[in-house]
Every structure is written in structure tokens, then in C-alpha cells.
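Trainee: Got a file for you: entry29.cif, mmCIF, C-alpha atoms.
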```cif
data_final
loop_
_atom_site.label_atom_id
_atom_site.label_comp_id
_atom_site.auth_asym_id
_atom_site.auth_seq_id
_atom_site.Cartn_x
_atom_site.Cartn_y
_atom_site.Cartn_z
CA MET W 1 65.02 1.67 21.65
CA ALA W 2 63.77 1.85 18.08
CA PRO W 3 59.99 2.03 17.63
CA ARG W 4 58.35 -1.23 16.67
CA HIS W 5 57.02 0.05 13.37
CA ALA W 6 60.57 0.85 12.24
CA ALA W 7 61.74 -2.75 12.54
CA THR W 8 62.85 -4.54 9.39
CA VAL W 9 60.55 -7.43 8.48
CA SER W 10 61.50 -10.16 6.07
CA ASN W 11 58.98 -10.97 3.34
CA ASP W 12 59.51 -14.63 4.24
CA GLN W 13 58.01 -14.18 7.69
CA PRO W 14 54.26 -14.82 8.07
CA LEU W 15 52.19 -11.74 8.91
CA PRO W 16 50.99 -11.56 12.52
CA PHE W 17 47.54 -10.35 11.35
CA GLN W 18 44.91 -10.76 8.63
CA ILE W 19 42.86 -8.09 6.90
CA ARG W 20 39.60 -9.34 5.46
CA GLY W 21 36.18 -8.09 4.51
CA THR W 22 33.23 -8.67 6.78
CA SER W 23 29.67 -7.50 7.23
CA PHE W 24 27.86 -6.23 10.30
CA THR W 25 24.52 -4.55 10.83
CA LEU W 26 24.99 -1.20 12.56
CA LEU W 27 22.34 0.92 14.17
CA ALA W 28 21.97 4.40 12.69
CA LEU W 29 21.21 7.39 14.92
CA LYS W 30 19.63 10.05 12.71
CA VAL W 31 20.64 13.35 14.25
CA LEU W 32 18.04 16.07 13.62
CA ASP W 33 19.06 18.72 16.14
CA PRO W 34 22.33 18.10 18.01
CA ARG W 35 22.00 21.46 19.76
CA ASP W 36 18.69 20.59 21.42
CA PRO W 37 19.32 20.91 25.22
CA ALA W 38 17.12 17.85 25.81
CA PHE W 39 18.80 15.69 23.14
CA PHE W 40 20.67 13.34 25.47
CA ASP W 41 17.94 13.19 28.12
CA ARG W 42 15.38 12.13 25.52
CA LEU W 43 17.83 9.70 23.96
CA ALA W 44 18.47 8.17 27.39
CA SER W 45 14.72 7.65 27.82
CA THR W 46 14.56 5.82 24.49
CA LEU W 47 17.56 3.64 25.31
CA ALA W 48 16.00 2.74 28.66
CA LEU W 49 13.27 0.84 26.78
CA ALA W 50 15.83 -1.85 25.91
CA PRO W 51 19.02 -1.30 27.91
CA GLY W 52 20.42 -4.75 27.22
CA PHE W 53 20.10 -4.35 23.47
CA TYR W 54 21.62 -0.88 23.24
CA ARG W 55 24.44 -1.38 25.74
CA ASN W 56 27.80 -0.86 23.96
CA ALA W 57 26.02 -0.98 20.59
CA PRO W 58 28.12 0.39 17.70
CA ILE W 59 26.23 3.16 15.90
CA ILE W 60 26.55 5.35 12.83
CA LEU W 61 25.61 9.01 13.11
CA ASP W 62 23.35 9.82 10.17
CA LEU W 63 23.95 13.54 9.56
CA GLY W 64 21.99 13.83 6.33
CA ALA W 65 19.50 16.24 7.90
CA LEU W 66 22.27 18.68 8.88
CA VAL W 67 23.68 19.60 5.47
CA ARG W 68 22.82 23.27 6.02
CA ASP W 69 24.05 23.39 9.61
CA ASP W 70 27.52 24.21 10.86
CA PRO W 71 29.30 21.30 12.57
CA VAL W 72 29.13 20.85 16.32
CA ASP W 73 31.94 19.52 18.51
CA LEU W 74 31.65 15.83 17.66
CA THR W 75 34.32 14.88 20.18
CA ALA W 76 32.13 16.19 23.00
CA PHE W 77 28.97 14.85 21.32
CA CYS W 78 30.40 11.35 21.11
CA ALA W 79 31.58 11.53 24.72
CA GLU W 80 27.94 12.08 25.72
CA LEU W 81 26.91 9.09 23.62
CA ARG W 82 29.53 6.89 25.27
CA ALA W 83 28.25 8.00 28.66
CA LEU W 84 24.94 6.43 27.57
CA SER W 85 26.81 3.17 26.73
CA LEU W 86 26.65 3.71 22.97
CA THR W 87 29.75 3.32 20.81
CA PRO W 88 29.83 5.80 17.89
CA VAL W 89 32.04 4.46 15.09
CA GLY W 90 31.40 6.78 12.16
CA ILE W 91 29.16 9.18 10.27
CA GLN W 92 27.12 9.07 7.10
CA GLY W 93 25.41 11.56 4.82
CA ALA W 94 27.56 14.50 5.93
CA THR W 95 29.03 17.51 4.15
CA ALA W 96 32.78 17.99 3.79
CA ASP W 97 32.85 20.31 6.83
CA TRP W 98 31.15 17.70 9.01
CA GLU W 99 33.47 15.00 7.67
CA ARG W 100 36.55 17.00 8.68
CA VAL W 101 35.20 17.44 12.21
CA ALA W 102 34.28 13.77 12.37
CA GLN W 103 37.72 12.59 11.30
CA ALA W 104 39.30 14.88 13.89
CA ALA W 105 37.07 13.14 16.46
CA GLY W 106 38.33 9.73 15.34
CA LEU W 107 35.17 8.73 13.47
CA ALA W 108 35.08 6.87 10.18
CA VAL W 109 33.23 8.31 7.19
CA PHE W 110 30.80 5.79 5.70
CA PRO W 111 29.51 6.14 2.15
CA ALA W 112 25.81 6.10 1.43
CA GLY W 113 24.68 2.51 1.23
CA ARG W 114 23.00 -0.13 3.34
CA ILE W 115 22.46 2.11 6.34
CA ALA W 116 19.49 3.68 4.59
CA ASP W 117 17.42 6.65 5.64
CA PRO W 118 13.94 5.18 6.23
CA ALA W 119 12.40 8.49 5.11
CA SER W 120 14.07 8.21 1.71
CA VAL W 121 12.95 4.62 1.42
CA ARG W 122 9.40 5.61 2.34
CA GLY W 123 9.35 8.20 -0.45
CA ARG W 124 9.96 5.76 -3.29
CA ALA W 125 7.12 5.55 -5.75
CA ALA W 126 7.23 1.78 -6.12
CA PRO W 127 8.91 -1.15 -4.38
CA LEU W 128 12.05 -2.59 -5.90
CA ALA W 129 11.52 -5.58 -8.15
CA ARG W 130 12.79 -8.88 -6.74
CA PRO W 131 13.38 -12.21 -8.41
CA SER W 132 10.90 -14.94 -7.48
CA THR W 133 13.65 -17.20 -6.16
CA ALA W 134 14.47 -17.47 -2.48
CA ARG W 135 17.51 -18.45 -0.47
CA LEU W 136 16.77 -21.62 1.48
CA VAL W 137 18.65 -22.43 4.70
CA THR W 138 17.93 -25.86 6.19
CA GLU W 139 20.57 -25.87 8.92
CA PRO W 140 20.17 -24.13 12.31
CA VAL W 141 21.48 -20.55 12.29
CA ARG W 142 23.74 -20.37 15.31
CA SER W 143 24.93 -17.49 17.47
CA GLY W 144 27.44 -15.31 15.62
CA GLN W 145 26.24 -16.39 12.17
CA GLN W 146 24.83 -13.93 9.64
CA VAL W 147 22.72 -15.06 6.67
CA TYR W 148 21.92 -12.58 3.89
CA ALA W 149 19.55 -13.14 0.97
CA ALA W 150 20.41 -10.58 -1.72
CA GLU W 151 17.56 -9.59 -4.05
CA SER W 152 15.40 -12.46 -2.85
CA ASP W 153 13.40 -13.84 0.06
CA LEU W 154 15.03 -15.82 2.86
CA ILE W 155 13.54 -19.10 4.09
CA VAL W 156 14.96 -20.75 7.22
CA THR W 157 13.51 -24.13 8.15
CA GLY W 158 15.48 -24.59 11.39
CA PRO W 159 15.89 -22.59 14.59
CA VAL W 160 17.61 -19.20 14.74
CA SER W 161 19.70 -18.75 17.90
CA ARG W 162 20.32 -15.64 19.97
CA GLY W 163 23.24 -13.70 18.52
CA ALA W 164 22.39 -14.83 14.98
CA GLU W 165 21.27 -12.43 12.28
CA LEU W 166 19.00 -12.83 9.25
CA LEU W 167 19.02 -10.19 6.51
CA SER W 168 17.00 -10.19 3.32
CA ASP W 169 16.18 -7.77 0.53
CA GLY W 170 12.79 -9.50 0.47
CA ASN W 171 10.63 -11.37 2.97
CA ILE W 172 11.92 -13.56 5.79
CA HIS W 173 10.25 -16.88 6.65
CA VAL W 174 11.37 -18.81 9.74
CA TYR W 175 9.77 -22.19 10.46
CA GLY W 176 11.69 -22.82 13.68
CA PRO W 177 11.99 -20.53 16.73
CA LEU W 178 13.11 -17.04 15.71
CA ARG W 179 15.60 -15.63 18.18
CA GLY W 180 18.42 -13.22 17.34
CA ARG W 181 17.70 -10.53 14.74
CA ALA W 182 15.63 -10.53 11.55
CA LEU W 183 15.92 -7.60 9.12
CA ALA W 184 13.70 -7.75 6.03
CA GLY W 185 13.27 -5.24 3.20
CA MET W 186 16.96 -4.36 3.06
CA GLY W 187 16.44 -3.53 -0.62
CA GLY W 188 13.83 -0.88 0.20
CA ASP W 189 10.61 -2.79 -0.58
CA LEU W 190 8.04 -1.49 1.90
CA SER W 191 5.72 -4.45 1.26
CA THR W 192 8.11 -7.05 2.65
CA ARG W 193 7.15 -9.05 5.75
CA ILE W 194 8.60 -11.31 8.41
CA PHE W 195 6.84 -14.62 9.04
CA CYS W 196 7.76 -16.92 11.90
CA ARG W 197 6.27 -19.91 13.69
CA TYR W 198 7.65 -18.95 17.11
CA LEU W 199 8.56 -15.32 17.86
CA ASP W 200 11.28 -14.75 20.43
CA ALA W 201 13.49 -12.29 18.52
CA ASP W 202 15.85 -9.73 19.99
CA LEU W 203 15.08 -7.38 17.10
CA VAL W 204 12.90 -7.32 14.00
CA SER W 205 13.17 -4.71 11.26
CA ILE W 206 11.54 -3.85 7.94
CA CYS W 207 13.14 -1.22 5.69
CA GLY W 208 15.09 0.23 8.61
CA PHE W 209 12.15 0.55 11.00
CA TYR W 210 12.82 -1.76 13.89
CA MET W 211 11.52 -2.95 17.23
CA VAL W 212 13.42 -4.67 20.02
CA SER W 213 12.06 -7.44 22.20
CA GLU W 214 11.23 -5.19 25.15
CA GLN W 215 8.88 -3.19 22.92
CA MET W 216 6.93 -6.19 21.59
CA GLU W 217 3.56 -7.06 23.06
CA PRO W 218 3.86 -10.14 25.32
CA LYS W 219 0.84 -11.77 23.65
CA PHE W 220 2.90 -12.31 20.48
CA ILE W 221 5.95 -13.84 22.14
CA GLY W 222 6.21 -17.56 21.52
CA LYS W 223 3.41 -17.44 18.95
CA PRO W 224 3.17 -17.72 15.14
CA VAL W 225 3.34 -14.14 13.87
CA GLN W 226 3.59 -12.11 10.69
CA ILE W 227 5.13 -8.64 10.83
CA SER W 228 4.49 -5.90 8.28
CA LEU W 229 5.12 -2.17 7.94
CA ASP W 230 2.40 0.46 8.13
CA GLY W 231 3.92 3.89 7.58
CA GLU W 232 6.64 3.99 10.22
CA ARG W 233 5.08 1.35 12.51
CA LEU W 234 5.70 -2.36 12.62
CA ILE W 235 2.40 -4.28 12.74
CA PHE W 236 2.24 -7.71 14.43
CA GLU W 237 -0.55 -10.10 13.51
CA PRO W 238 -1.13 -13.75 14.42
CA LEU W 239 -0.63 -16.31 11.66
#
```
Written as C-alpha cells, that's how I'd like the structure from this file.
Mentor:
Amino acid sequence: MAPRHAATVSNDQPLPFQIRGTSFTLLALKVLDPRDPAFFDRLASTLALAPGFYRNAPIILDLGALVRDDPVDLTAFCAELRALSLTPVGIQGATADWERVAQAAGLAVFPAGRIADPASVRGRAAPLARPSTARLVTEPVRSGQQVYAAESDLIVTGPVSRGAELLSDGNIHVYGPLRGRALAGMGGDLSTRIFCRYLDADLVSICGFYMVSEQMEPKFIGKPVQISLDGERLIFEPL
């Protein structure tokens, strides 16, 4: 029997698939010392803080700190990550040697871009300039929807459901219940904030520094809150 890919296909037949662009927010695991004997034990302890959030989460391995190190066996490394219910999908910030090992392990190679190194963001001398305009969303943001405000603030007047995602290069304002995820400061401005009238988010993030719901103080849940960044810590304050 001839293999399926060798079959002759008429140009008149509709394709049984579609290839299209899309956008997802991926967690980045910055690998500082993959040879540390306690690496996976300590990672497991961190993941245990929010097991529901991290379970089967797709992640990028940020290897920017390993440019002077020889590659490790990424096939075995990723097997350990999968045993912790993480799903490694690619690498970023790697040298050519690391990229070859990653591709042999079935990982994609991501260019430098939106999955930013918070340390490099923190080192900028001044925040990025943003236009004074804002993107206004008056409809509810439902599960599975992603709303991105490029080079501006994001204002949402309705509720944000679980499974929805808000992203903004500037501030995020939510006047309904904030569930799902809210990621502000995507453009690298450390002064950005998240404002909401009712906090019940799965994750909040500013400039790559994030906190999941299990790590938030219960006294802020269900309350009007503003969230800012102080060094590498997210600060929650009542509105």
C-alpha cells in the first residue's frame, strides 16, 4: 500500500486542514543550572503552589543564561519536566549548539520576542513611551478569548471569564469581575499597573513577573485592588 503522503491530490479538491496565525501566552522557565541535582525537586515544590494552573502547561525553556555552558541532554531533561506535568514546546535565547540539541529533542526554536527576560526588562533605564489612547472593550470577555492592547492601556468595562486572557503593553483596567488572566506591561514599562473592581484572577502579571491565584492573599480576593511591581514582587493594594 502506498503511503498516504505519496497520493496524488487534485488542486480542485478542498484542503482537509487550515494553517493560520494565532497568539498564545506561554510560560517561560528560565534555566540557570540544569545540572543542579535538586533542580527538579525544587521545581516540583514551586509547581505544588498552584498545581491546577501548571498542570499540562506549555512552557518555553529560556536558555539565555547558559550561553557559555555545554548543552545537556534535553530529551532526558524534558522527560523530567513532563513527569511534573509540564509540556515543554521549545527553547529561546540559546546558542547554535543548544539549538541543535533542542531540535534533536523535538523542540521548536523561538526567536527573541514577547517571552521577555524580566531581568533584561528590569535593567532598562526608562520605561517605554506609550500613546495616551487606550483600547476600550465594552463586551464581556468570555472563556477562550484573548484581548491585546498594543502600545496602549486596556480598559474592560464588563466581566472577564475564566479561561479568558487580557494582555496590554500598558495598564489594565477591569470594571467588572476579573477572572482568567491579566498581563500588563508587555511592552516592558515597569510602572504599569492592573486595576480591577473585583479580583478573582487565575493569574496576574506585570512585565513578566506573575502570581497565580493560590499565591494571592485571601483578603484581596473579591475586592477592588490595584497591582503594581516593586523590584521583582507584585504589590497588591486596596482601591
Trainee: Quick one: which residues end up in the PyMOL selection byres ((chain W and resi 188-200) around 6) for this structure, as JSON, numbers by chain?
Mentor: {"W": [121, 127, 128, 170, 171, 172, 173, 174, 175, 177, 178, 179, 185, 186, 187, 201, 207, 221, 222, 223, 224, 225, 226, 227, 228]}
Trainee: Evaluate the PyMOL selection byres ((chain W and resi 26-32) around 8) here and jot the selected residues down as a short mmCIF file (atom, residue, chain, number, x, y, z; two decimals) with C-alpha atoms, in the coordinates of the input.
Mentor:
```cif
data_model
loop_
_atom_site.label_atom_id
_atom_site.label_comp_id
_atom_site.auth_asym_id
_atom_site.auth_seq_id
_atom_site.Cartn_x
_atom_site.Cartn_y
_atom_site.Cartn_z
CA PHE W 24 27.86 -6.23 10.30
CA THR W 25 24.52 -4.55 10.83
CA ASP W 33 19.06 18.72 16.14
CA PRO W 34 22.33 18.10 18.01
CA ALA W 57 26.02 -0.98 20.59
CA PRO W 58 28.12 0.39 17.70
CA ILE W 59 26.23 3.16 15.90
CA ILE W 60 26.55 5.35 12.83
CA LEU W 61 25.61 9.01 13.11
CA ASP W 62 23.35 9.82 10.17
CA LEU W 63 23.95 13.54 9.56
CA GLY W 64 21.99 13.83 6.33
CA ALA W 65 19.50 16.24 7.90
CA LEU W 66 22.27 18.68 8.88
CA ILE W 115 22.46 2.11 6.34
#
```
Trainee: Go through W:Ile206, W:Leu84, W:Val89, W:Leu234 and flag the residue nearest Tyr54 in chain W, using all atoms listed in the file for the distances.
Mentor: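 Closest to Tyr54 in chain W of all the choices is W:Leu84.
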Trainee: Suppose you want the space between CA of Ala184 in chain W and CA of Val160 in chain W; what is it in Å?
Mentor: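 Spanning CA of Ala184 in chain W to CA of Val160 in chain W is a straight-line distance of 14.9 Å.
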Trainee: Let me make sure I understand: among W:Gly231, W:Pro71, W:Pro159, W:Pro16, which one has the smallest atom-to-atom distance to Ala94 in chain W if we use all atoms listed in the file?
Mentor: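 Residue with the minimum atom-to-atom distance to Ala94 in chain W: W:Pro71.
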Trainee: Would you compute the distance between CA of Gly106 in chain W and CA of Ile19 in chain W? Give it in Å to one decimal.
Mentor: 20.2 Å
Trainee: Taking all atoms of range 161-171 of chain W that appear in the file, build a box with edges along x, y and z, extend it by 8 Å on every side, and state its centre and edge lengths in Å to one decimal, as JSON.
Mentor:
```
{"center_x": 16.9, "center_y": -13.3, "center_z": 10.2, "size_x": 28.6, "size_y": 27.0, "size_z": 35.5}
```
Trainee: Apply the PyMOL selection byres ((chain W and resi 148-152) around 6) to the displayed file and report the matching residues as a list in words.
Mentor: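 What the PyMOL selection byres ((chain W and resi 148-152) around 6) grabs from the file is Arg130, Pro131, Ala134, Arg135, Val147, Asp153, Leu154, Leu167, Ser168, Asp169 and Gly170 of chain W.
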Trainee: Calculated over all atoms listed in the file, which of the candidates W:Val67, W:Val137, W:Ala48, W:Met216 has the smallest distance to Ile235 in chain W?
Mentor: W:Met216
Trainee: Choose the residue, out of W:Asp69, W:Glu80, W:Glu217, W:Asp41, that has the smallest atom-to-atom separation from Phe236 in chain W; count all atoms listed in the file.
Mentor: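 Answer, going by the shortest atom-to-atom distance: W:Glu217.
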